[in-house]
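File shown: model_36.pdb. Contents: PDB, N, CA and C atoms.
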ATOM      1  N   MET A  90      12.924  10.925  11.128  1.00  0.00           N
ATOM      2  CA  MET A  90      12.543   9.598  10.697  1.00  0.00           C
ATOM      3  C   MET A  90      11.021   9.446  10.805  1.00  0.00           C
ATOM      4  N   THR A  91      10.445   8.780   9.825  1.00  0.00           N
ATOM      5  CA  THR A  91       9.004   8.567   9.800  1.00  0.00           C
ATOM      6  C   THR A  91       8.697   7.114  10.136  1.00  0.00           C
ATOM      7  N   LYS A  92       7.741   6.928  11.029  1.00  0.00           N
ATOM      8  CA  LYS A  92       7.282   5.595  11.395  1.00  0.00           C
ATOM      9  C   LYS A  92       5.773   5.549  11.191  1.00  0.00           C
ATOM     10  N   GLN A  93       5.271   4.369  10.815  1.00  0.00           N
ATOM     11  CA  GLN A  93       3.838   4.200  10.641  1.00  0.00           C
ATOM     12  C   GLN A  93       3.355   3.015  11.459  1.00  0.00           C
ATOM     13  N   PHE A  94       2.122   3.159  11.971  1.00  0.00           N
ATOM     14  CA  PHE A  94       1.530   2.151  12.830  1.00  0.00           C
ATOM     15  C   PHE A  94       0.082   1.920  12.438  1.00  0.00           C
ATOM     16  N   LYS A  95      -0.346   0.670  12.531  1.00  0.00           N
ATOM     17  CA  LYS A  95      -1.757   0.313  12.372  1.00  0.00           C
ATOM     18  C   LYS A  95      -2.399   0.485  13.744  1.00  0.00           C
ATOM     19  N   THR A  96      -3.544   1.178  13.800  1.00  0.00           N
ATOM     20  CA  THR A  96      -4.195   1.446  15.081  1.00  0.00           C
ATOM     21  C   THR A  96      -5.704   1.226  14.970  1.00  0.00           C
ATOM     22  N   ASN A  97      -6.390   1.444  16.086  1.00  0.00           N
ATOM     23  CA  ASN A  97      -7.858   1.475  16.059  1.00  0.00           C
ATOM     24  C   ASN A  97      -8.354   2.861  16.478  1.00  0.00           C
ATOM     25  N   ILE A  98      -7.548   3.890  16.185  1.00  0.00           N
ATOM     26  CA  ILE A  98      -7.914   5.296  16.420  1.00  0.00           C
ATOM     27  C   ILE A  98      -8.775   5.705  15.225  1.00  0.00           C
ATOM     28  N   ASN A  99     -10.106   5.675  15.394  1.00  0.00           N
ATOM     29  CA  ASN A  99     -10.949   5.763  14.208  1.00  0.00           C
ATOM     30  C   ASN A  99     -11.852   6.985  14.080  1.00  0.00           C
ATOM     31  N   CYS A 100     -11.730   7.967  14.971  1.00  0.00           N
ATOM     32  CA  CYS A 100     -12.583   9.153  14.842  1.00  0.00           C
ATOM     33  C   CYS A 100     -11.902  10.345  15.509  1.00  0.00           C
ATOM     34  N   SER A 101     -12.492  11.516  15.334  1.00  0.00           N
ATOM     35  CA  SER A 101     -11.882  12.722  15.897  1.00  0.00           C
ATOM     36  C   SER A 101     -11.841  12.682  17.423  1.00  0.00           C
ATOM     37  N   ASN A 102     -12.837  12.062  18.061  1.00  0.00           N
ATOM     38  CA  ASN A 102     -12.801  11.943  19.520  1.00  0.00           C
ATOM     39  C   ASN A 102     -11.658  11.040  19.971  1.00  0.00           C
ATOM     40  N   CYS A 103     -11.379   9.992  19.197  1.00  0.00           N
ATOM     41  CA  CYS A 103     -10.256   9.102  19.504  1.00  0.00           C
ATOM     42  C   CYS A 103      -8.925   9.851  19.342  1.00  0.00           C
ATOM     43  N   VAL A 104      -8.821  10.639  18.288  1.00  0.00           N
ATOM     44  CA  VAL A 104      -7.611  11.439  18.065  1.00  0.00           C
ATOM     45  C   VAL A 104      -7.411  12.392  19.238  1.00  0.00           C
ATOM     46  N   ARG A 105      -8.483  13.011  19.666  1.00  0.00           N
ATOM     47  CA  ARG A 105      -8.412  13.935  20.801  1.00  0.00           C
ATOM     48  C   ARG A 105      -7.957  13.189  22.065  1.00  0.00           C
ATOM     49  N   ALA A 106      -8.434  11.965  22.249  1.00  0.00           N
ATOM     50  CA  ALA A 106      -8.086  11.184  23.436  1.00  0.00           C
ATOM     51  C   ALA A 106      -6.612  10.799  23.482  1.00  0.00           C
ATOM     52  N   VAL A 107      -6.013  10.593  22.329  1.00  0.00           N
ATOM     53  CA  VAL A 107      -4.613  10.157  22.283  1.00  0.00           C
ATOM     54  C   VAL A 107      -3.632  11.339  22.194  1.00  0.00           C
ATOM     55  N   THR A 108      -4.142  12.530  21.910  1.00  0.00           N
ATOM     56  CA  THR A 108      -3.289  13.699  21.659  1.00  0.00           C
ATOM     57  C   THR A 108      -2.299  13.976  22.784  1.00  0.00           C
ATOM     58  N   ASN A 109      -2.770  14.097  24.012  1.00  0.00           N
ATOM     59  CA  ASN A 109      -1.853  14.422  25.112  1.00  0.00           C
ATOM     60  C   ASN A 109      -0.807  13.339  25.327  1.00  0.00           C
ATOM     61  N   PHE A 110      -1.193  12.085  25.128  1.00  0.00           N
ATOM     62  CA  PHE A 110      -0.252  10.980  25.307  1.00  0.00           C
ATOM     63  C   PHE A 110       0.877  11.059  24.278  1.00  0.00           C
ATOM     64  N   LEU A 111       0.525  11.274  23.004  1.00  0.00           N
ATOM     65  CA  LEU A 111       1.548  11.349  21.962  1.00  0.00           C
ATOM     66  C   LEU A 111       2.379  12.625  22.068  1.00  0.00           C
ATOM     67  N   ASN A 112       1.745  13.724  22.430  1.00  0.00           N
ATOM     68  CA  ASN A 112       2.479  14.988  22.527  1.00  0.00           C
ATOM     69  C   ASN A 112       3.504  14.975  23.648  1.00  0.00           C
ATOM     70  N   GLU A 113       3.352  14.081  24.619  1.00  0.00           N
ATOM     71  CA  GLU A 113       4.304  13.997  25.730  1.00  0.00           C
ATOM     72  C   GLU A 113       5.487  13.076  25.452  1.00  0.00           C
ATOM     73  N   VAL A 114       5.476  12.366  24.329  1.00  0.00           N
ATOM     74  CA  VAL A 114       6.580  11.453  24.010  1.00  0.00           C
ATOM     75  C   VAL A 114       7.763  12.271  23.490  1.00  0.00           C
ATOM     76  N   PRO A 115       8.919  12.183  24.176  1.00  0.00           N
ATOM     77  CA  PRO A 115      10.103  12.906  23.702  1.00  0.00           C
ATOM     78  C   PRO A 115      10.493  12.445  22.295  1.00  0.00           C
ATOM     79  N   GLY A 116      10.757  13.395  21.424  1.00  0.00           N
ATOM     80  CA  GLY A 116      11.197  13.075  20.072  1.00  0.00           C
ATOM     81  C   GLY A 116      10.086  13.056  19.038  1.00  0.00           C
ATOM     82  N   VAL A 117       8.832  13.121  19.464  1.00  0.00           N
ATOM     83  CA  VAL A 117       7.732  13.193  18.496  1.00  0.00           C
ATOM     84  C   VAL A 117       7.619  14.642  18.043  1.00  0.00           C
ATOM     85  N   GLU A 118       7.896  14.870  16.754  1.00  0.00           N
ATOM     86  CA  GLU A 118       7.841  16.227  16.207  1.00  0.00           C
ATOM     87  C   GLU A 118       6.471  16.521  15.590  1.00  0.00           C
ATOM     88  N   LYS A 119       5.886  15.511  14.946  1.00  0.00           N
ATOM     89  CA  LYS A 119       4.611  15.689  14.252  1.00  0.00           C
ATOM     90  C   LYS A 119       3.971  14.321  14.117  1.00  0.00           C
ATOM     91  N   TRP A 120       2.639  14.279  14.225  1.00  0.00           N
ATOM     92  CA  TRP A 120       1.935  13.015  14.017  1.00  0.00           C
ATOM     93  C   TRP A 120       0.561  13.269  13.442  1.00  0.00           C
ATOM     94  N   THR A 121       0.067  12.303  12.694  1.00  0.00           N
ATOM     95  CA  THR A 121      -1.267  12.365  12.119  1.00  0.00           C
ATOM     96  C   THR A 121      -1.862  10.954  12.112  1.00  0.00           C
ATOM     97  N   VAL A 122      -3.180  10.885  12.106  1.00  0.00           N
ATOM     98  CA  VAL A 122      -3.878   9.608  11.970  1.00  0.00           C
ATOM     99  C   VAL A 122      -4.791   9.705  10.755  1.00  0.00           C
ATOM    100  N   ASP A 123      -4.665   8.755   9.843  1.00  0.00           N
ATOM    101  CA  ASP A 123      -5.538   8.690   8.677  1.00  0.00           C
ATOM    102  C   ASP A 123      -6.745   7.834   9.045  1.00  0.00           C
ATOM    103  N   THR A 124      -7.783   8.486   9.563  1.00  0.00           N
ATOM    104  CA  THR A 124      -8.969   7.755  10.022  1.00  0.00           C
ATOM    105  C   THR A 124      -9.802   7.218   8.849  1.00  0.00           C
ATOM    106  N   ASP A 125      -9.504   7.660   7.628  1.00  0.00           N
ATOM    107  CA  ASP A 125     -10.212   7.146   6.452  1.00  0.00           C
ATOM    108  C   ASP A 125      -9.599   5.836   5.945  1.00  0.00           C
ATOM    109  N   HIS A 126      -8.353   5.577   6.298  1.00  0.00           N
ATOM    110  CA  HIS A 126      -7.675   4.345   5.881  1.00  0.00           C
ATOM    111  C   HIS A 126      -8.242   3.170   6.686  1.00  0.00           C
ATOM    112  N   PRO A 127      -8.444   2.024   6.067  1.00  0.00           N
ATOM    113  CA  PRO A 127      -8.994   0.872   6.799  1.00  0.00           C
ATOM    114  C   PRO A 127      -8.161   0.468   8.023  1.00  0.00           C
ATOM    115  N   ASP A 128      -6.846   0.702   7.971  1.00  0.00           N
ATOM    116  CA  ASP A 128      -5.957   0.347   9.083  1.00  0.00           C
ATOM    117  C   ASP A 128      -5.711   1.499  10.050  1.00  0.00           C
ATOM    118  N   LYS A 129      -6.411   2.642   9.846  1.00  0.00           N
ATOM    119  CA  LYS A 129      -6.291   3.803  10.757  1.00  0.00           C
ATOM    120  C   LYS A 129      -4.821   4.110  11.031  1.00  0.00           C
ATOM    121  N   ILE A 130      -4.084   4.451   9.971  1.00  0.00           N
ATOM    122  CA  ILE A 130      -2.634   4.588  10.030  1.00  0.00           C
ATOM    123  C   ILE A 130      -2.209   5.840  10.802  1.00  0.00           C
ATOM    124  N   LEU A 131      -1.400   5.604  11.835  1.00  0.00           N
ATOM    125  CA  LEU A 131      -0.749   6.674  12.594  1.00  0.00           C
ATOM    126  C   LEU A 131       0.630   6.864  11.997  1.00  0.00           C
ATOM    127  N   THR A 132       0.927   8.066  11.530  1.00  0.00           N
ATOM    128  CA  THR A 132       2.241   8.401  10.994  1.00  0.00           C
ATOM    129  C   THR A 132       2.903   9.368  11.963  1.00  0.00           C
ATOM    130  N   VAL A 133       4.113   9.017  12.391  1.00  0.00           N
ATOM    131  CA  VAL A 133       4.850   9.820  13.371  1.00  0.00           C
ATOM    132  C   VAL A 133       6.183  10.220  12.773  1.00  0.00           C
ATOM    133  N   GLU A 134       6.500  11.509  12.866  1.00  0.00           N
ATOM    134  CA  GLU A 134       7.797  12.015  12.420  1.00  0.00           C
ATOM    135  C   GLU A 134       8.588  12.448  13.643  1.00  0.00           C
ATOM    136  N   GLY A 135       9.889  12.158  13.624  1.00  0.00           N
ATOM    137  CA  GLY A 135      10.754  12.555  14.727  1.00  0.00           C
ATOM    138  C   GLY A 135      11.694  11.432  15.120  1.00  0.00           C
ATOM    139  N   THR A 136      12.289  11.577  16.283  1.00  0.00           N
ATOM    140  CA  THR A 136      13.306  10.640  16.743  1.00  0.00           C
ATOM    141  C   THR A 136      12.816   9.703  17.835  1.00  0.00           C
ATOM    142  N   ALA A 137      11.538   9.753  18.160  1.00  0.00           N
ATOM    143  CA  ALA A 137      10.987   8.902  19.215  1.00  0.00           C
ATOM    144  C   ALA A 137      11.100   7.431  18.824  1.00  0.00           C
ATOM    145  N   SER A 138      11.329   6.586  19.823  1.00  0.00           N
ATOM    146  CA  SER A 138      11.409   5.152  19.560  1.00  0.00           C
ATOM    147  C   SER A 138      10.020   4.589  19.305  1.00  0.00           C
ATOM    148  N   SER A 139       9.982   3.510  18.549  1.00  0.00           N
ATOM    149  CA  SER A 139       8.711   2.832  18.293  1.00  0.00           C
ATOM    150  C   SER A 139       8.085   2.384  19.603  1.00  0.00           C
ATOM    151  N   GLU A 140       8.907   1.911  20.513  1.00  0.00           N
ATOM    152  CA  GLU A 140       8.410   1.429  21.800  1.00  0.00           C
ATOM    153  C   GLU A 140       7.720   2.540  22.585  1.00  0.00           C
ATOM    154  N   ALA A 141       8.300   3.742  22.589  1.00  0.00           N
ATOM    155  CA  ALA A 141       7.715   4.869  23.321  1.00  0.00           C
ATOM    156  C   ALA A 141       6.380   5.283  22.705  1.00  0.00           C
ATOM    157  N   ILE A 142       6.308   5.261  21.388  1.00  0.00           N
ATOM    158  CA  ILE A 142       5.068   5.615  20.690  1.00  0.00           C
ATOM    159  C   ILE A 142       3.997   4.575  20.987  1.00  0.00           C
ATOM    160  N   GLU A 143       4.377   3.302  20.889  1.00  0.00           N
ATOM    161  CA  GLU A 143       3.428   2.221  21.150  1.00  0.00           C
ATOM    162  C   GLU A 143       2.919   2.277  22.587  1.00  0.00           C
ATOM    163  N   GLU A 144       3.802   2.561  23.530  1.00  0.00           N
ATOM    164  CA  GLU A 144       3.409   2.640  24.937  1.00  0.00           C
ATOM    165  C   GLU A 144       2.421   3.793  25.163  1.00  0.00           C
ATOM    166  N   ALA A 145       2.671   4.938  24.542  1.00  0.00           N
ATOM    167  CA  ALA A 145       1.789   6.095  24.706  1.00  0.00           C
ATOM    168  C   ALA A 145       0.392   5.796  24.167  1.00  0.00           C
ATOM    169  N   VAL A 146       0.323   5.192  22.986  1.00  0.00           N
ATOM    170  CA  VAL A 146      -0.972   4.891  22.378  1.00  0.00           C
ATOM    171  C   VAL A 146      -1.696   3.822  23.201  1.00  0.00           C
ATOM    172  N   ASP A 147      -0.949   2.829  23.670  1.00  0.00           N
ATOM    173  CA  ASP A 147      -1.531   1.790  24.516  1.00  0.00           C
ATOM    174  C   ASP A 147      -2.054   2.384  25.825  1.00  0.00           C
ATOM    175  N   ASP A 148      -1.281   3.289  26.425  1.00  0.00           N
ATOM    176  CA  ASP A 148      -1.709   3.957  27.667  1.00  0.00           C
ATOM    177  C   ASP A 148      -2.987   4.766  27.451  1.00  0.00           C
ATOM    178  N   ALA A 149      -3.180   5.267  26.232  1.00  0.00           N
ATOM    179  CA  ALA A 149      -4.391   6.030  25.912  1.00  0.00           C
ATOM    180  C   ALA A 149      -5.591   5.106  25.685  1.00  0.00           C
ATOM    181  N   GLY A 150      -5.327   3.798  25.618  1.00  0.00           N
ATOM    182  CA  GLY A 150      -6.415   2.833  25.493  1.00  0.00           C
ATOM    183  C   GLY A 150      -6.678   2.331  24.086  1.00  0.00           C
ATOM    184  N   PHE A 151      -5.687   2.474  23.203  1.00  0.00           N
ATOM    185  CA  PHE A 151      -5.870   2.061  21.817  1.00  0.00           C
ATOM    186  C   PHE A 151      -4.881   0.970  21.437  1.00  0.00           C
ATOM    187  N   ASP A 152      -5.266   0.186  20.416  1.00  0.00           N
ATOM    188  CA  ASP A 152      -4.392  -0.851  19.879  1.00  0.00           C
ATOM    189  C   ASP A 152      -3.419  -0.204  18.899  1.00  0.00           C
ATOM    190  N   ILE A 153      -2.206  -0.752  18.837  1.00  0.00           N
ATOM    191  CA  ILE A 153      -1.199  -0.214  17.926  1.00  0.00           C
ATOM    192  C   ILE A 153      -0.241  -1.321  17.533  1.00  0.00           C
ATOM    193  N   GLU A 154       0.158  -1.296  16.260  1.00  0.00           N
ATOM    194  CA  GLU A 154       1.094  -2.272  15.726  1.00  0.00           C
ATOM    195  C   GLU A 154       1.927  -1.570  14.655  1.00  0.00           C
ATOM    196  N   GLU A 155       3.245  -1.659  14.768  1.00  0.00           N
ATOM    197  CA  GLU A 155       4.097  -0.977  13.792  1.00  0.00           C
ATOM    198  C   GLU A 155       3.960  -1.617  12.423  1.00  0.00           C
ATOM    199  N   LYS A 156       3.910  -0.767  11.407  1.00  0.00           N
ATOM    200  CA  LYS A 156       3.861  -1.212  10.012  1.00  0.00           C
ATOM    201  C   LYS A 156       5.243  -1.115   9.414  1.00  0.00           C
ATOM    202  N   GLU A 157       5.534  -2.033   8.523  1.00  0.00           N
ATOM    203  CA  GLU A 157       6.761  -1.914   7.741  1.00  0.00           C
ATOM    204  C   GLU A 157       6.531  -0.869   6.667  1.00  0.00           C
ATOM    205  N   LEU A 158       7.458   0.064   6.524  1.00  0.00           N
ATOM    206  CA  LEU A 158       7.344   1.035   5.441  1.00  0.00           C
ATOM    207  C   LEU A 158       7.779   0.353   4.158  1.00  0.00           C
ATOM    208  N   ASN A 159       6.982   0.535   3.122  1.00  0.00           N
ATOM    209  CA  ASN A 159       7.318  -0.073   1.831  1.00  0.00           C
ATOM    210  C   ASN A 159       8.413   0.730   1.165  1.00  0.00           C
ATOM    211  N   HIS A 160       9.475   0.031   0.777  1.00  0.00           N
ATOM    212  CA  HIS A 160      10.573   0.681   0.064  1.00  0.00           C
ATOM    213  C   HIS A 160      10.581   0.161  -1.361  1.00  0.00           C
ATOM    214  N   ILE A 161      10.680   1.074  -2.285  1.00  0.00           N
ATOM    215  CA  ILE A 161      10.714   0.694  -3.706  1.00  0.00           C
ATOM    216  C   ILE A 161      12.170   0.593  -4.125  1.00  0.00           C
ATOM    217  N   SER A 162      12.556  -0.575  -4.592  1.00  0.00           N
ATOM    218  CA  SER A 162      13.936  -0.732  -5.061  1.00  0.00           C
ATOM    219  C   SER A 162      13.963  -0.615  -6.566  1.00  0.00           C
ATOM    220  N   SER A 163      15.026   0.006  -7.071  1.00  0.00           N
ATOM    221  CA  SER A 163      15.110   0.204  -8.509  1.00  0.00           C
ATOM    222  C   SER A 163      16.083  -0.746  -9.136  1.00  0.00           C
TER
END

Translate this structure into structure tokens?
Amino acid sequence: MTKQFKTNINCSNCVRAVTNFLNEVPGVEKWTVDTDHPDKILTVEGTASSEAIEEAVDDAGFDIEEKELNHISS
């Protein structure tokens, strides 16, 4: 499952700072931060709960807010 979050992780040093926190969350298989996006979108793949991801990022000292994934209906 893919989840997306709005964050203030805005540079490579910030990504480095949050890496150990996110890598320790059970169920996180892969994650990336789009530092070029105005909302600094964190995309997480895996079975980790939103709460666990939010707690890890918060513990690392960053703001985080879950985004609704846009679904296209036909």

Using atom N of Glu157 of chain A and atom C of Pro127 of chain A as the two end points, give the distance in Å to one decimal.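 That distance, rounded to one decimal, is 13.9 Å.
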
Do a neighbour search on Thr108 of chain A at 10 Å with only C-alpha atoms, toss out local chain neighbours closer than 5 positions, and write the hits as a list of chain:residue names.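 Here the answer would be A:Asn102, A:Cys103, A:Glu113, A:Trp120, A:Thr121, A:Ala145, A:Val146, A:Ala149.
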
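Comparing A:Ala141, A:Ile130, A:Val122, A:Val107 by their smallest distance to Lys95 of chain A, the closest is A:Ile130 (using only N, CA and C atoms).
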
Can you list, as a PyMOL selection string, all residues belonging to chain A that DSSP tags as alpha helix (DSSP H)? chain A and resi 101-112+139-148

Which of A:Val133, A:Thr91, A:Ser138, A:Thr96 sits closest to Gly150 of chain A [using only C-alpha atoms]: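 Between A:Val133, A:Thr91, A:Ser138, A:Thr96, the residue approaching Gly150 of chain A most closely is A:Thr96.
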
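The coordinates place atom C of Val117 of chain A at 19.1 Å from atom CA of Lys129 of chain A.
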
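Comparing the minimum interatomic distances between Glu143 of chain A and each of A:Cys100, A:Glu118, A:Asp128, A:Phe110, counting only C-alpha atoms, we find that A:Phe110 sits nearest.
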
What parts of chain A does DSSP call strand (DSSP E)? I'd like the answer as a ChimeraX atom specification. /A:91-96,117-123,130-135,153-156

On this structure, which residues satisfy the PyMOL selection byres (((chain A and resi 135 and name CA) around 6) and name CA), written as a count of residues only? 7

Atom pair atom C of Glu140 of chain A + atom CA of His126 of chain A, distance 22.8 Å

Would you mind putting N, CA, C and O atoms back on segment 95-113 of chain A and writing the result as a compact mmCIF listing (two decimals), keeping the file's coordinate frame?
# COMPACT_ATOMS: atom_id res chain seq x y z
N LYS A 95 -0.35 0.67 12.53
CA LYS A 95 -1.76 0.31 12.37
C LYS A 95 -2.40 0.48 13.74
O LYS A 95 -1.86 0.02 14.75
N THR A 96 -3.54 1.18 13.80
CA THR A 96 -4.20 1.45 15.08
C THR A 96 -5.70 1.23 14.97
O THR A 96 -6.21 0.90 13.91
N ASN A 97 -6.39 1.44 16.09
CA ASN A 97 -7.86 1.48 16.06
C ASN A 97 -8.35 2.86 16.48
O ASN A 97 -9.44 3.01 17.02
N ILE A 98 -7.55 3.89 16.18
CA ILE A 98 -7.91 5.30 16.42
C ILE A 98 -8.78 5.70 15.22
O ILE A 98 -8.26 6.00 14.17
N ASN A 99 -10.11 5.68 15.39
CA ASN A 99 -10.95 5.76 14.21
C ASN A 99 -11.85 6.98 14.08
O ASN A 99 -12.67 7.03 13.18
N CYS A 100 -11.73 7.97 14.97
CA CYS A 100 -12.58 9.15 14.84
C CYS A 100 -11.90 10.34 15.51
O CYS A 100 -10.89 10.20 16.18
N SER A 101 -12.49 11.52 15.33
CA SER A 101 -11.88 12.72 15.90
C SER A 101 -11.84 12.68 17.42
O SER A 101 -10.90 13.20 18.04
N ASN A 102 -12.84 12.06 18.06
CA ASN A 102 -12.80 11.94 19.52
C ASN A 102 -11.66 11.04 19.97
O ASN A 102 -11.03 11.28 21.00
N CYS A 103 -11.38 9.99 19.20
CA CYS A 103 -10.26 9.10 19.50
C CYS A 103 -8.93 9.85 19.34
O CYS A 103 -8.02 9.71 20.17
N VAL A 104 -8.82 10.64 18.29
CA VAL A 104 -7.61 11.44 18.07
C VAL A 104 -7.41 12.39 19.24
O VAL A 104 -6.30 12.52 19.77
N ARG A 105 -8.48 13.01 19.67
CA ARG A 105 -8.41 13.94 20.80
C ARG A 105 -7.96 13.19 22.06
O ARG A 105 -7.16 13.70 22.85
N ALA A 106 -8.43 11.96 22.25
CA ALA A 106 -8.09 11.18 23.44
C ALA A 106 -6.61 10.80 23.48
O ALA A 106 -6.02 10.71 24.55
N VAL A 107 -6.01 10.59 22.33
CA VAL A 107 -4.61 10.16 22.28
C VAL A 107 -3.63 11.34 22.19
O VAL A 107 -2.44 11.18 22.42
N THR A 108 -4.14 12.53 21.91
CA THR A 108 -3.29 13.70 21.66
C THR A 108 -2.30 13.98 22.78
O THR A 108 -1.09 14.09 22.54
N ASN A 109 -2.77 14.10 24.01
CA ASN A 109 -1.85 14.42 25.11
C ASN A 109 -0.81 13.34 25.33
O ASN A 109 0.34 13.64 25.66
N PHE A 110 -1.19 12.08 25.13
CA PHE A 110 -0.25 10.98 25.31
C PHE A 110 0.88 11.06 24.28
O PHE A 110 2.05 10.95 24.63
N LEU A 111 0.52 11.27 23.00
CA LEU A 111 1.55 11.35 21.96
C LEU A 111 2.38 12.62 22.07
O LEU A 111 3.58 12.60 21.82
N ASN A 112 1.74 13.72 22.43
CA ASN A 112 2.48 14.99 22.53
C ASN A 112 3.50 14.98 23.65
O ASN A 112 4.44 15.77 23.63
N GLU A 113 3.35 14.08 24.62
CA GLU A 113 4.30 14.00 25.73
C GLU A 113 5.49 13.08 25.45
O GLU A 113 6.42 13.01 26.25
